[in-house]
file upload24.cif (mmCIF, C-alpha atoms)
data_upload
loop_
_atom_site.label_atom_id
_atom_site.label_comp_id
_atom_site.auth_asym_id
_atom_site.auth_seq_id
_atom_site.Cartn_x
_atom_site.Cartn_y
_atom_site.Cartn_z
CA MET A 1 -41.49 72.48 94.69
CA ILE A 2 -40.83 76.18 94.32
CA LYS A 3 -38.01 75.11 92.01
CA GLU A 4 -40.55 74.02 89.38
CA PHE A 5 -41.67 77.62 89.24
CA THR A 6 -38.33 79.41 89.20
CA LYS A 7 -36.52 77.10 86.78
CA GLY A 8 -38.47 78.39 83.78
CA ILE A 9 -37.61 82.00 84.46
CA ILE A 10 -33.83 81.91 84.19
CA ARG A 11 -32.14 78.53 84.44
CA GLU A 12 -34.33 76.85 81.82
CA ASN A 13 -35.66 79.94 80.10
CA PRO A 14 -37.62 78.60 77.12
CA LEU A 15 -36.40 81.27 74.73
CA PHE A 16 -32.75 81.73 75.54
CA ILE A 17 -31.66 78.45 77.09
CA ILE A 18 -33.87 75.78 75.50
CA VAL A 19 -34.47 77.91 72.35
CA LEU A 20 -38.10 76.97 71.71
CA GLY A 21 -41.05 78.97 70.43
CA LEU A 22 -38.99 81.26 68.28
CA CYS A 23 -41.44 82.12 65.53
CA PRO A 24 -43.90 84.14 67.64
CA ALA A 25 -41.10 85.54 69.77
CA LEU A 26 -39.40 87.23 66.87
CA ALA A 27 -42.44 88.14 64.82
CA VAL A 28 -44.46 89.98 67.46
CA SER A 29 -41.58 91.69 69.24
CA THR A 30 -41.71 94.96 67.29
CA GLN A 31 -43.73 96.67 70.03
CA VAL A 32 -43.76 96.11 73.77
CA VAL A 33 -47.56 95.93 73.89
CA ASN A 34 -47.61 93.10 71.33
CA ALA A 35 -45.07 91.17 73.37
CA LEU A 36 -47.24 91.56 76.48
CA GLY A 37 -50.36 90.40 74.64
CA MET A 38 -48.59 87.42 73.15
CA GLY A 39 -47.07 86.54 76.53
CA ALA A 40 -50.49 86.64 78.19
CA GLY A 41 -51.92 84.38 75.49
CA VAL A 42 -49.10 81.88 75.83
CA ILE A 43 -49.33 81.82 79.65
CA PHE A 44 -53.07 81.14 79.44
CA VAL A 45 -52.74 78.34 76.88
CA LEU A 46 -49.76 76.81 78.67
CA LEU A 47 -51.59 76.85 82.00
CA GLY A 48 -54.77 75.40 80.53
CA SER A 49 -53.07 72.66 78.57
CA ASN A 50 -50.76 71.69 81.42
CA ILE A 51 -53.74 71.42 83.81
CA CYS A 52 -55.77 69.32 81.36
CA VAL A 53 -52.89 67.06 80.38
CA SER A 54 -51.91 66.54 83.99
CA LEU A 55 -55.48 65.65 84.98
CA LEU A 56 -56.05 63.38 81.97
CA LYS A 57 -52.63 61.74 81.89
CA ASP A 58 -53.95 58.37 83.15
CA PHE A 59 -56.77 58.26 80.60
CA ILE A 60 -54.93 59.17 77.39
CA PRO A 61 -53.55 56.07 75.62
CA GLU A 62 -49.82 56.22 74.96
CA LYS A 63 -50.19 55.88 71.18
CA VAL A 64 -52.51 58.81 70.55
CA ARG A 65 -51.08 61.14 73.15
CA ILE A 66 -49.58 63.71 70.75
CA PRO A 67 -52.82 64.25 68.75
CA SER A 68 -54.74 64.43 72.04
CA TYR A 69 -52.38 67.08 73.40
CA ILE A 70 -52.72 69.02 70.15
CA VAL A 71 -56.52 69.02 70.40
CA ILE A 72 -56.36 70.24 74.00
CA ILE A 73 -53.91 72.99 73.07
CA ALA A 74 -55.91 74.00 69.98
CA SER A 75 -59.07 74.36 72.08
CA PHE A 76 -57.37 76.78 74.45
CA VAL A 77 -55.86 78.69 71.52
CA THR A 78 -59.35 79.10 70.06
CA ILE A 79 -60.54 80.52 73.40
CA VAL A 80 -57.68 83.04 73.38
CA GLU A 81 -58.45 83.95 69.76
CA LEU A 82 -62.13 84.60 70.41
CA VAL A 83 -61.51 86.53 73.65
CA MET A 84 -58.83 88.69 72.02
CA LYS A 85 -61.01 89.36 68.98
CA ALA A 86 -63.87 90.47 71.21
CA PHE A 87 -62.08 92.58 73.81
CA THR A 88 -58.85 93.84 72.24
CA PRO A 89 -59.45 93.99 68.48
CA GLY A 90 -56.42 96.25 67.93
CA LEU A 91 -54.07 93.76 69.53
CA TYR A 92 -55.71 90.91 67.63
CA LYS A 93 -55.04 92.73 64.38
CA ASN A 94 -51.41 93.43 65.31
CA LEU A 95 -50.67 89.83 66.22
CA GLY A 96 -52.47 88.53 63.10
CA ILE A 97 -51.95 84.88 62.33
CA PHE A 98 -49.54 84.51 65.23
CA VAL A 99 -52.46 84.12 67.66
CA SER A 100 -53.50 80.96 65.80
CA LEU A 101 -49.90 79.91 65.59
CA ILE A 102 -49.63 79.63 69.40
CA VAL A 103 -50.94 76.13 68.72
CA VAL A 104 -47.68 75.06 67.08
CA ASN A 105 -45.52 76.85 69.64
CA CYS A 106 -43.12 74.07 70.59
CA ILE A 107 -42.94 75.26 74.22
CA ILE A 108 -46.54 74.28 74.90
CA LEU A 109 -46.45 70.83 73.32
CA GLY A 110 -42.98 70.38 74.79
CA ARG A 111 -44.15 71.08 78.36
CA ALA A 112 -47.23 68.86 77.93
CA GLU A 113 -45.09 65.99 76.69
CA ALA A 114 -42.04 66.43 78.88
CA PHE A 115 -43.57 67.62 82.14
CA ALA A 116 -47.35 67.64 82.59
CA SER A 117 -47.81 64.07 81.33
CA LYS A 118 -45.55 62.79 84.10
CA ASN A 119 -46.21 65.07 87.06
CA PRO A 120 -49.10 65.83 89.44
CA LEU A 121 -51.41 68.82 89.02
CA LEU A 122 -49.80 71.34 91.35
CA HIS A 123 -46.32 70.78 89.94
CA SER A 124 -47.67 71.14 86.41
CA VAL A 125 -49.40 74.42 87.26
CA LEU A 126 -46.19 75.84 88.75
CA ASP A 127 -44.20 74.60 85.78
CA ALA A 128 -46.63 76.22 83.33
CA LEU A 129 -46.54 79.53 85.22
CA GLY A 130 -42.76 79.55 85.42
CA MET A 131 -42.26 78.65 81.78
CA GLY A 132 -44.94 81.10 80.64
CA ILE A 133 -43.50 83.95 82.67
CA GLY A 134 -39.99 83.06 81.50
CA PHE A 135 -41.20 83.16 77.90
CA THR A 136 -42.96 86.49 78.44
CA LEU A 137 -39.91 88.05 80.09
CA GLY A 138 -37.70 86.86 77.23
CA LEU A 139 -40.16 88.22 74.69
CA LEU A 140 -40.35 91.50 76.60
CA LEU A 141 -36.57 91.82 76.63
CA ILE A 142 -36.38 91.37 72.85
CA ALA A 143 -39.30 93.75 72.29
CA VAL A 144 -37.88 96.47 74.57
CA ILE A 145 -34.50 96.38 72.82
CA ARG A 146 -36.07 96.37 69.35
CA GLU A 147 -38.56 99.12 70.05
CA ILE A 148 -36.13 101.43 71.84
CA PHE A 149 -33.47 101.21 69.16
CA GLY A 150 -35.79 100.64 66.19
CA SER A 151 -38.26 103.48 66.70
CA GLY A 152 -37.30 105.22 69.94
CA THR A 153 -40.62 104.53 71.62
CA ILE A 154 -42.10 102.20 74.22
CA THR A 155 -45.70 101.34 73.42
CA LEU A 156 -47.96 100.30 76.30
CA PHE A 157 -51.68 100.29 76.88
CA PRO A 158 -53.30 103.76 76.70
CA ILE A 159 -54.67 104.92 80.06
CA GLN A 160 -57.43 107.50 79.66
CA ALA A 161 -57.55 108.60 83.32
CA ILE A 162 -54.14 110.30 83.29
CA GLY A 163 -54.21 111.28 79.61
CA PHE A 164 -51.54 108.75 78.63
CA ASP A 165 -51.86 107.78 74.97
CA GLY A 166 -49.89 104.58 75.37
CA THR A 167 -46.60 105.61 73.82
CA VAL A 168 -43.48 106.85 75.58
CA LYS A 169 -41.19 108.76 73.21
CA LEU A 170 -37.48 108.73 73.93
CA GLY A 171 -35.98 112.05 72.76
CA TRP A 172 -33.36 111.87 70.06
CA LEU A 173 -33.71 108.10 69.67
CA ASN A 174 -37.21 108.82 68.39
CA GLU A 175 -35.95 111.40 65.92
CA TYR A 176 -33.10 109.28 64.57
CA PRO A 177 -34.13 105.65 65.05
CA GLY A 178 -31.99 102.74 63.89
CA LYS A 179 -34.70 101.38 61.64
CA VAL A 180 -32.91 98.08 61.09
CA TRP A 181 -33.88 96.83 64.57
CA SER A 182 -37.57 97.02 63.78
CA TYR A 183 -37.18 95.05 60.54
CA ALA A 184 -37.08 91.26 60.38
CA ALA A 185 -33.30 91.30 60.23
CA GLY A 186 -33.07 93.21 63.51
CA ALA A 187 -35.07 90.56 65.36
CA LEU A 188 -32.72 87.81 64.25
CA LEU A 189 -29.66 89.88 65.17
CA VAL A 190 -31.03 90.77 68.63
CA MET A 191 -31.88 87.12 69.25
CA GLY A 192 -28.37 86.04 68.18
CA TYR A 193 -26.63 88.56 70.45
CA LEU A 194 -28.91 87.79 73.40
CA LYS A 195 -28.35 84.06 73.05
CA ALA A 196 -24.60 84.65 72.92
CA PHE A 197 -24.90 86.80 76.03
CA PHE A 198 -26.80 84.06 77.88
CA ASN A 199 -24.21 81.48 76.77
CA TRP A 200 -21.52 83.74 78.18
CA LEU A 201 -23.49 84.10 81.46
CA GLN A 202 -23.84 80.33 81.72
CA THR A 203 -20.11 79.74 81.36
CA ARG A 204 -19.44 82.46 83.95
CA ARG A 205 -21.86 80.97 86.44
CA ARG A 206 -19.96 77.70 86.50
CA ILE A 207 -17.15 79.52 88.34
CA PRO A 208 -18.14 79.08 92.01
CA ARG A 209 -17.31 82.55 93.35
CA GLU A 210 -20.02 84.12 91.16
CA SER A 211 -23.01 84.97 93.32
CA LYS A 212 -26.58 84.51 92.11
CA GLY A 213 -27.27 88.23 92.39
CA GLU A 214 -25.28 88.87 89.22
CA VAL A 215 -27.83 87.08 87.09
CA ALA A 216 -30.77 89.08 88.33
CA HIS A 217 -29.35 92.21 86.74
CA ALA A 218 -28.94 90.58 83.35
CA PRO A 219 -31.39 92.75 81.40
CA GLU A 220 -29.76 96.08 82.25
CA SER A 221 -26.26 95.08 81.28
CA GLU A 222 -27.71 93.49 78.15
CA VAL A 223 -29.09 96.77 76.82
CA LYS A 224 -25.62 98.27 77.07
CA GLN A 225 -24.10 95.38 75.22
CA VAL A 226 -26.46 95.57 72.28
CA SER A 227 -26.16 99.31 71.89
CA MET B 1 -52.12 87.16 41.12
CA THR B 2 -50.42 85.13 38.41
CA TYR B 3 -48.62 81.90 39.24
CA ILE B 4 -45.20 83.37 38.56
CA GLY B 5 -46.20 86.25 40.83
CA ILE B 6 -47.09 83.83 43.62
CA LEU B 7 -43.78 82.05 43.16
CA ILE B 8 -41.70 85.24 43.33
CA THR B 9 -43.72 86.58 46.26
CA PHE B 10 -43.38 83.52 48.45
CA VAL B 11 -39.80 82.60 47.53
CA LEU B 12 -38.14 86.01 47.55
CA ILE B 13 -40.32 88.91 48.71
CA GLU B 14 -42.15 87.27 51.58
CA ASN B 15 -39.72 84.47 52.28
CA PHE B 16 -41.33 82.68 55.22
CA ILE B 17 -38.17 82.38 57.27
CA LEU B 18 -36.41 85.62 56.56
CA THR B 19 -39.33 88.03 56.61
CA LYS B 20 -42.16 86.27 58.47
CA PHE B 21 -40.26 84.11 60.99
CA LEU B 22 -42.30 81.02 60.20
CA GLY B 23 -40.45 77.72 60.52
CA LEU B 24 -37.49 79.07 62.46
CA CYS B 25 -37.13 76.04 64.78
CA PRO B 26 -36.33 73.50 62.03
CA PHE B 27 -34.41 76.20 60.16
CA ILE B 28 -31.98 76.65 63.06
CA GLY B 29 -32.15 73.02 64.21
CA VAL B 30 -31.58 71.14 60.97
CA SER B 31 -29.30 73.50 59.04
CA LYS B 32 -26.02 72.21 60.47
CA LYS B 33 -25.41 69.70 57.68
CA MET B 34 -26.14 70.18 53.99
CA ASP B 35 -27.61 66.67 53.51
CA SER B 36 -30.15 66.95 56.28
CA ALA B 37 -31.02 70.48 55.18
CA ILE B 38 -31.85 69.23 51.68
CA GLY B 39 -33.92 66.37 53.09
CA MET B 40 -35.85 68.71 55.37
CA GLY B 41 -36.36 71.23 52.56
CA PHE B 42 -37.93 68.71 50.21
CA ALA B 43 -40.05 67.18 52.97
CA VAL B 44 -41.37 70.67 53.76
CA ILE B 45 -42.19 71.44 50.10
CA PHE B 46 -44.05 68.16 49.85
CA VAL B 47 -46.10 68.54 53.01
CA MET B 48 -46.82 72.25 52.49
CA SER B 49 -48.16 71.75 48.95
CA ILE B 50 -50.52 68.97 50.00
CA ALA B 51 -51.46 70.62 53.30
CA SER B 52 -52.52 73.88 51.67
CA LEU B 53 -54.65 72.02 49.14
CA VAL B 54 -56.32 69.88 51.82
CA THR B 55 -56.91 72.81 54.17
CA TRP B 56 -58.43 74.71 51.23
CA LEU B 57 -60.90 71.86 50.74
CA VAL B 58 -61.72 71.66 54.45
CA TRP B 59 -62.07 75.44 54.81
CA ASN B 60 -64.19 76.13 51.73
CA LEU B 61 -66.27 72.98 51.52
CA LEU B 62 -66.82 72.37 55.22
CA LEU B 63 -66.11 75.21 57.62
CA VAL B 64 -67.39 78.16 55.56
CA LYS B 65 -70.50 76.25 54.45
CA LEU B 66 -71.35 75.25 58.01
CA GLU B 67 -70.38 78.68 59.40
CA LEU B 68 -67.87 77.15 61.76
CA ASN B 69 -65.08 79.62 60.97
CA PHE B 70 -63.97 79.84 64.58
CA LEU B 71 -62.96 76.18 64.53
CA LYS B 72 -60.21 76.84 61.98
CA THR B 73 -57.26 76.48 64.36
CA VAL B 74 -58.46 73.15 65.76
CA THR B 75 -59.39 71.63 62.39
CA PHE B 76 -56.35 72.88 60.50
CA ILE B 77 -53.84 71.55 63.00
CA LEU B 78 -55.66 68.21 63.19
CA VAL B 79 -55.82 67.94 59.40
CA ILE B 80 -52.12 68.73 59.14
CA ALA B 81 -51.15 66.27 61.88
CA ALA B 82 -53.22 63.51 60.28
CA LEU B 83 -51.89 64.38 56.85
CA VAL B 84 -48.26 64.18 57.98
CA GLN B 85 -48.93 60.79 59.56
CA PHE B 86 -50.67 59.60 56.38
CA VAL B 87 -47.93 60.86 54.07
CA GLU B 88 -45.37 59.12 56.26
CA MET B 89 -47.19 55.78 55.97
CA VAL B 90 -47.73 56.10 52.21
CA ILE B 91 -44.09 56.94 51.53
CA GLN B 92 -42.98 54.07 53.73
CA LYS B 93 -45.09 51.67 51.67
CA ILE B 94 -44.38 53.01 48.19
CA SER B 95 -40.77 54.11 48.31
CA PRO B 96 -38.57 52.89 51.18
CA PRO B 97 -35.48 54.82 49.97
CA LEU B 98 -37.40 58.09 49.98
CA TYR B 99 -38.79 57.18 53.41
CA LYS B 100 -35.25 56.65 54.65
CA ALA B 101 -34.26 60.07 53.34
CA LEU B 102 -37.29 62.02 54.59
CA GLY B 103 -38.52 59.73 57.37
CA ILE B 104 -36.97 61.37 60.39
CA TYR B 105 -37.97 64.87 59.28
CA LEU B 106 -41.63 64.18 58.57
CA PRO B 107 -42.91 64.01 62.17
CA LEU B 108 -41.07 67.25 62.95
CA ILE B 109 -43.05 69.05 60.28
CA THR B 110 -46.32 68.86 62.24
CA THR B 111 -45.01 71.49 64.62
CA ASN B 112 -43.45 73.54 61.83
CA CYS B 113 -45.44 76.75 61.98
CA ALA B 114 -44.76 77.41 58.30
CA VAL B 115 -47.22 74.68 57.31
CA LEU B 116 -50.07 76.07 59.38
CA GLY B 117 -48.90 79.57 58.43
CA VAL B 118 -49.21 79.05 54.69
CA ALA B 119 -52.65 77.52 55.14
CA LEU B 120 -53.81 80.52 57.17
CA ILE B 121 -52.24 83.12 54.84
CA ALA B 122 -53.15 81.63 51.46
CA VAL B 123 -56.51 80.05 52.22
CA VAL B 124 -58.05 82.26 54.92
CA ASP B 125 -56.38 85.67 54.52
CA LYS B 126 -55.73 85.92 50.78
CA LYS B 127 -58.74 83.78 49.78
CA MET B 128 -56.91 82.06 46.93
CA ASN B 129 -58.58 79.35 44.85
CA ALA B 130 -57.64 75.68 45.16
CA ILE B 131 -54.86 75.59 42.57
CA GLU B 132 -53.41 78.90 43.73
CA SER B 133 -53.36 77.64 47.31
CA PHE B 134 -51.58 74.48 46.25
CA PHE B 135 -49.06 76.56 44.33
CA ALA B 136 -48.62 78.99 47.23
CA GLY B 137 -47.81 76.03 49.49
CA PHE B 138 -45.29 74.77 46.96
CA SER B 139 -43.69 78.23 46.59
CA ALA B 140 -43.46 78.83 50.31
CA GLY B 141 -41.81 75.41 50.66
CA ALA B 142 -39.39 76.33 47.90
CA GLY B 143 -38.56 79.53 49.77
CA PHE B 144 -37.87 77.44 52.87
CA LEU B 145 -35.60 75.14 50.84
CA LEU B 146 -33.70 78.13 49.41
CA ALA B 147 -33.15 79.70 52.83
CA ILE B 148 -32.11 76.47 54.55
CA LEU B 149 -29.73 75.60 51.69
CA LEU B 150 -28.02 78.99 51.89
CA MET B 151 -27.85 78.70 55.67
CA SER B 152 -26.43 75.18 55.76
CA SER B 153 -23.73 75.96 53.21
CA LEU B 154 -22.69 78.95 55.33
CA ARG B 155 -22.75 76.94 58.55
CA GLU B 156 -20.57 74.21 57.04
CA LYS B 157 -17.99 76.91 56.32
CA TYR B 158 -18.11 78.10 59.93
CA GLU B 159 -16.90 74.75 61.18
CA THR B 160 -13.38 75.51 60.03
CA GLU B 161 -13.37 79.14 61.22
CA TRP B 162 -12.60 80.49 64.66
CA ILE B 163 -15.67 81.97 66.35
CA PRO B 164 -15.78 83.60 69.82
CA LYS B 165 -16.89 80.96 72.30
CA PRO B 166 -20.28 82.40 73.37
CA PHE B 167 -21.28 82.76 69.71
CA ARG B 168 -20.63 79.15 68.72
CA GLY B 169 -23.62 77.12 67.56
CA ILE B 170 -27.01 78.80 67.70
CA PRO B 171 -26.09 82.50 68.22
CA ILE B 172 -23.90 82.72 65.12
CA ALA B 173 -26.68 81.01 63.16
CA PHE B 174 -29.07 83.76 64.22
CA VAL B 175 -26.64 86.54 63.36
CA THR B 176 -26.09 84.92 59.95
CA ALA B 177 -29.83 84.63 59.40
CA GLY B 178 -30.17 88.30 60.36
CA LEU B 179 -27.64 89.34 57.74
CA MET B 180 -29.37 87.10 55.18
CA ALA B 181 -32.66 88.80 56.02
CA LEU B 182 -31.02 92.17 55.41
CA ALA B 183 -29.93 90.95 51.98
CA PHE B 184 -33.42 89.66 51.21
CA MET B 185 -34.86 93.10 51.95
CA ALA B 186 -33.62 94.03 48.47
CA PHE B 187 -36.52 92.00 47.10
CA ASP B 188 -39.67 94.05 47.53
CA LYS B 189 -42.99 94.73 45.84
CA ALA B 190 -41.27 97.01 43.31
CA LEU B 191 -39.37 94.00 41.98
CA LEU B 192 -42.61 92.20 41.26
CA LYS B 193 -44.00 95.28 39.53
CA ASN B 194 -40.93 95.71 37.34
CA LEU B 195 -40.80 92.04 36.39
CA LEU B 196 -44.45 91.50 35.59
CA GLY B 197 -45.53 95.02 34.68
CA GLY B 198 -48.48 96.74 36.32
CA GLY B 199 -48.91 94.64 39.45
#
call {"tool": "encode", "arguments": {"input": "upload24.cif", "output": "structure tokens"}}
result
Amino acid sequence: MIKEFTKGIIRENPLFIIVLGLCPALAVSTQVVNALGMGAGVIFVLLGSNICVSLLKDFIPEKVRIPSYIVIIASFVTIVELVMKAFTPGLYKNLGIFVSLIVVNCIILGRAEAFASKNPLLHSVLDALGMGIGFTLGLLLIAVIREIFGSGTITLFPIQAIGFDGTVKLGWLNEYPGKVWSYAAGALLVMGYLKAFFNWLQTRRRIPRESKGEVAHAPESEVKQVS
Amino acid sequence: MTYIGILITFVLIENFILTKFLGLCPFIGVSKKMDSAIGMGFAVIFVMSIASLVTWLVWNLLLVKLELNFLKTVTFILVIAALVQFVEMVIQKISPPLYKALGIYLPLITTNCAVLGVALIAVVDKKMNAIESFFAGFSAGAGFLLAILLMSSLREKYETEWIPKPFRGIPIAFVTAGLMALAFMAFDKALLKNLLGGG
């Protein structure tokens, strides 16, 4: 059962292996904090919709299942929208229409249709968590690469207690940033190179002497490759 | 904004795929073959034009009047899903050849974020009037068609070229799209100003 949870993180990573949910992934990945906010929203909606679909799977008629799933998903997206608007207005403004667009994120409908509608509650919850976390990690990876090379900063939440304004500046990278990475073009390029890297990893892993530990260090070696 | 301004903005300056990342899934998924790319492009133009008009009606005549603004995500996606279904049935009845050409792409369009995106941008954010919204939907669809046509003609060329193994398929498509986006950065607000004067 633990497999349902771990599969979404690397082996079936929604972004890099199944290649779903691209629009929000690329659009909001200019800053690390946006990626975190988006990831949290997606995890919440995915969890909520998987739970509801799994509980209601015996009551929803086969023919109207897709519209029913969409209504369930849209309700949770509206909750996220209202909560974000009320508590983190800055983040809500940064993400813009992409908060509403979580509703057409193919990962969520895809998991409802392919997994939650056929599996019991606990499995669906684990699946949603795994997929959501896998999506967030993928998003984070893209955002970290783009922000470091595009503007030489890492933007996180400001913490008043220790006088941290929320932005880490990275020396000369901040003075001479490679602006292209923060533009639209940079997102597509980063995504292309990362996908190629994951393809390469997959072909390597087929060779039996490769240990699993190699894969865990993927992000670090990736940063080197892109630079 | 004039109509020609809307057209230039949505096709070139704010091309949905290359600057806003809306509709990437079908863009990458269906751009392998020129024929299917053309079919998808026209289906998208068709649905986006009608969808932005219908969502304008729902938003201005229903949601704003009843002060139910927060329901926009739920209503818009339902309206679009129903509309796609309806369009599919009408085309099937009226013109079977067209249905054969567009048929398989129509259901996919429901989850195309560009359709919901243009409704949210034109109707809710920019507060356009009904005809402008319709035209914005059409223009954004035309921008999608332009991008997917360029992409599919490039990808057909790749089939005969040698590409490093990890890059084959999706990764090279992304890198190509990235370079196309770089080229499209040449179109900016200044272009609109020079063409139409003032701005």
call {"tool": "resolve_selection", "arguments": {"input": "upload24.cif", "expression": "the PyMOL selection byres ((chain B) within 6 of (chain A))", "output": "list in words"}}
result
Thr19, Phe21, Leu22, Leu24, Val74, Thr111, Cys113, Pro166, Phe167, Pro171, Phe174, Val175, Gly178, Ala181 and Leu182 of chain B
call {"tool": "closest_residue", "arguments": {"input": "upload24.cif", "among": "A:Glu12, A:Asp58, A:Glu175, A:Glu147", "to": "Lys118 of chain A", "atoms": "all atoms listed in the file"}}
result
A:Asp58
call {"tool": "resolve_selection", "arguments": {"input": "upload24.cif", "expression": "the PyMOL selection byres ((chain A and resi 170) around 9)", "output": "list in words"}}
result
Ile148, Ser151, Gly152, Thr153, Ile154, Val168, Lys169, Gly171, Trp172, Leu173, Asn174 and Glu175 of chain A
call {"tool": "atom_distance", "arguments": {"input": "upload24.cif", "atom1": "atom CA of Ala116 of chain A", "atom2": "atom CA of Asn50 of chain A"}}
result
5.4 Å
call {"tool": "resolve_selection", "arguments": {"input": "upload24.cif", "expression": "the PyMOL selection byres ((chain A and resi 53) around 9)", "output": "PyMOL selection string"}}
result
chain A and resi 48-52+54-57+60+68-69+72+112-113+116-117+121+124
call {"tool": "atom_distance", "arguments": {"input": "upload24.cif", "atom1": "atom CA of Gly23 of chain B", "atom2": "atom CA of Asn112 of chain B"}}
result
5.3 Å
call {"tool": "atom_distance", "arguments": {"input": "upload24.cif", "atom1": "atom CA of Ala82 of chain B", "atom2": "atom CA of Gly141 of chain B"}}
result
19.1 Å
call {"tool": "closest_residue", "arguments": {"input": "upload24.cif", "among": "B:Ile13, B:Ala122, B:Val115, B:Leu108", "to": "Ile77 of chain B", "atoms": "all atoms listed in the file"}}
result
B:Val115
call {"tool": "closest_residue", "arguments": {"input": "upload24.cif", "among": "B:Ala147, B:Leu66, B:Leu57, B:Ala51", "to": "Ile80 of chain B", "atoms": "only C-alpha atoms"}}
result
B:Ala51
call {"tool": "residues_around", "arguments": {"input": "upload24.cif", "residues": "Val144 of chain A", "least_positions_apart": "6", "cutoff": "10 Å", "atoms": "only C-alpha atoms", "output": "list in words"}}
result
Ser29, Thr30, Gln31, Val32, Val33, Ala35, Gly138, Gly150, Gly152, Thr153, Ile154, Thr155 and Val223 of chain A
call {"tool": "residues_near_point", "arguments": {"input": "upload24.cif", "point": "(-43.1, 83.6, 79.4)", "cutoff": "12 Å", "atoms": "only C-alpha atoms", "output": "PyMOL selection string"}}
result
chain A and resi 5-10+12-16+20-21+24-25+35-47+107-108+127-141
call {"tool": "write_last_selection", "arguments": {"input": "upload24.cif", "atoms": "C-alpha atoms", "output": "PDB file, keeping the file's coordinate frame"}}
result
ATOM      1  CA  PHE A   5     -41.670  77.620  89.240  1.00  0.00           C
ATOM      2  CA  THR A   6     -38.330  79.410  89.200  1.00  0.00           C
ATOM      3  CA  LYS A   7     -36.520  77.100  86.780  1.00  0.00           C
ATOM      4  CA  GLY A   8     -38.470  78.390  83.780  1.00  0.00           C
ATOM      5  CA  ILE A   9     -37.610  82.000  84.460  1.00  0.00           C
ATOM      6  CA  ILE A  10     -33.830  81.910  84.190  1.00  0.00           C
ATOM      7  CA  GLU A  12     -34.330  76.850  81.820  1.00  0.00           C
ATOM      8  CA  ASN A  13     -35.660  79.940  80.100  1.00  0.00           C
ATOM      9  CA  PRO A  14     -37.620  78.600  77.120  1.00  0.00           C
ATOM     10  CA  LEU A  15     -36.400  81.270  74.730  1.00  0.00           C
ATOM     11  CA  PHE A  16     -32.750  81.730  75.540  1.00  0.00           C
ATOM     12  CA  LEU A  20     -38.100  76.970  71.710  1.00  0.00           C
ATOM     13  CA  GLY A  21     -41.050  78.970  70.430  1.00  0.00           C
ATOM     14  CA  PRO A  24     -43.900  84.140  67.640  1.00  0.00           C
ATOM     15  CA  ALA A  25     -41.100  85.540  69.770  1.00  0.00           C
ATOM     16  CA  ALA A  35     -45.070  91.170  73.370  1.00  0.00           C
ATOM     17  CA  LEU A  36     -47.240  91.560  76.480  1.00  0.00           C
ATOM     18  CA  GLY A  37     -50.360  90.400  74.640  1.00  0.00           C
ATOM     19  CA  MET A  38     -48.590  87.420  73.150  1.00  0.00           C
ATOM     20  CA  GLY A  39     -47.070  86.540  76.530  1.00  0.00           C
ATOM     21  CA  ALA A  40     -50.490  86.640  78.190  1.00  0.00           C
ATOM     22  CA  GLY A  41     -51.920  84.380  75.490  1.00  0.00           C
ATOM     23  CA  VAL A  42     -49.100  81.880  75.830  1.00  0.00           C
ATOM     24  CA  ILE A  43     -49.330  81.820  79.650  1.00  0.00           C
ATOM     25  CA  PHE A  44     -53.070  81.140  79.440  1.00  0.00           C
ATOM     26  CA  VAL A  45     -52.740  78.340  76.880  1.00  0.00           C
ATOM     27  CA  LEU A  46     -49.760  76.810  78.670  1.00  0.00           C
ATOM     28  CA  LEU A  47     -51.590  76.850  82.000  1.00  0.00           C
ATOM     29  CA  ILE A 107     -42.940  75.260  74.220  1.00  0.00           C
ATOM     30  CA  ILE A 108     -46.540  74.280  74.900  1.00  0.00           C
ATOM     31  CA  ASP A 127     -44.200  74.600  85.780  1.00  0.00           C
ATOM     32  CA  ALA A 128     -46.630  76.220  83.330  1.00  0.00           C
ATOM     33  CA  LEU A 129     -46.540  79.530  85.220  1.00  0.00           C
ATOM     34  CA  GLY A 130     -42.760  79.550  85.420  1.00  0.00           C
ATOM     35  CA  MET A 131     -42.260  78.650  81.780  1.00  0.00           C
ATOM     36  CA  GLY A 132     -44.940  81.100  80.640  1.00  0.00           C
ATOM     37  CA  ILE A 133     -43.500  83.950  82.670  1.00  0.00           C
ATOM     38  CA  GLY A 134     -39.990  83.060  81.500  1.00  0.00           C
ATOM     39  CA  PHE A 135     -41.200  83.160  77.900  1.00  0.00           C
ATOM     40  CA  THR A 136     -42.960  86.490  78.440  1.00  0.00           C
ATOM     41  CA  LEU A 137     -39.910  88.050  80.090  1.00  0.00           C
ATOM     42  CA  GLY A 138     -37.700  86.860  77.230  1.00  0.00           C
ATOM     43  CA  LEU A 139     -40.160  88.220  74.690  1.00  0.00           C
ATOM     44  CA  LEU A 140     -40.350  91.500  76.600  1.00  0.00           C
ATOM     45  CA  LEU A 141     -36.570  91.820  76.630  1.00  0.00           C
TER      46      LEU A 141
END
